[in-house]
Amino acid sequence: MLGWMILFALLAILSAVFIVTGQASEVSPRMATSIFAFLFVLGLLTRAARGRAW
């Protein structure tokens, strides 16, 4: 799960770089950030359900 969160965080950072450079049509920043946020919250919920602290 952590690997997927890192992957989508990198996609979000890459899309932000593309927006700054003016090539925003290459990567969808909204999709990458929403998937990253969903996986992050899902990871927090599963850790809370298991009872392990970070």
# chains A, B, ... in the order shown; residues from 1 in each chain; ligands from 1
>>> residues_around(residues="segment 35-41 of chain A", least_positions_apart="4", cutoff="12 Å", atoms="only C-alpha atoms", output="list in words")
Met1, Leu2, Gly3, Trp4, Met5, Ile6, Leu7, Phe8, Ala9, Leu10, Leu11, Ala12, Ile13, Ser28, Pro29, Arg30, Met31, Leu45, Thr46, Arg47 and Ala48 of chain A
>>> select_by_dssp(residues="chain A", states="helix (DSSP H, G or I)", output="MDAnalysis selection string")
chainID A and resid 2:21 29:50
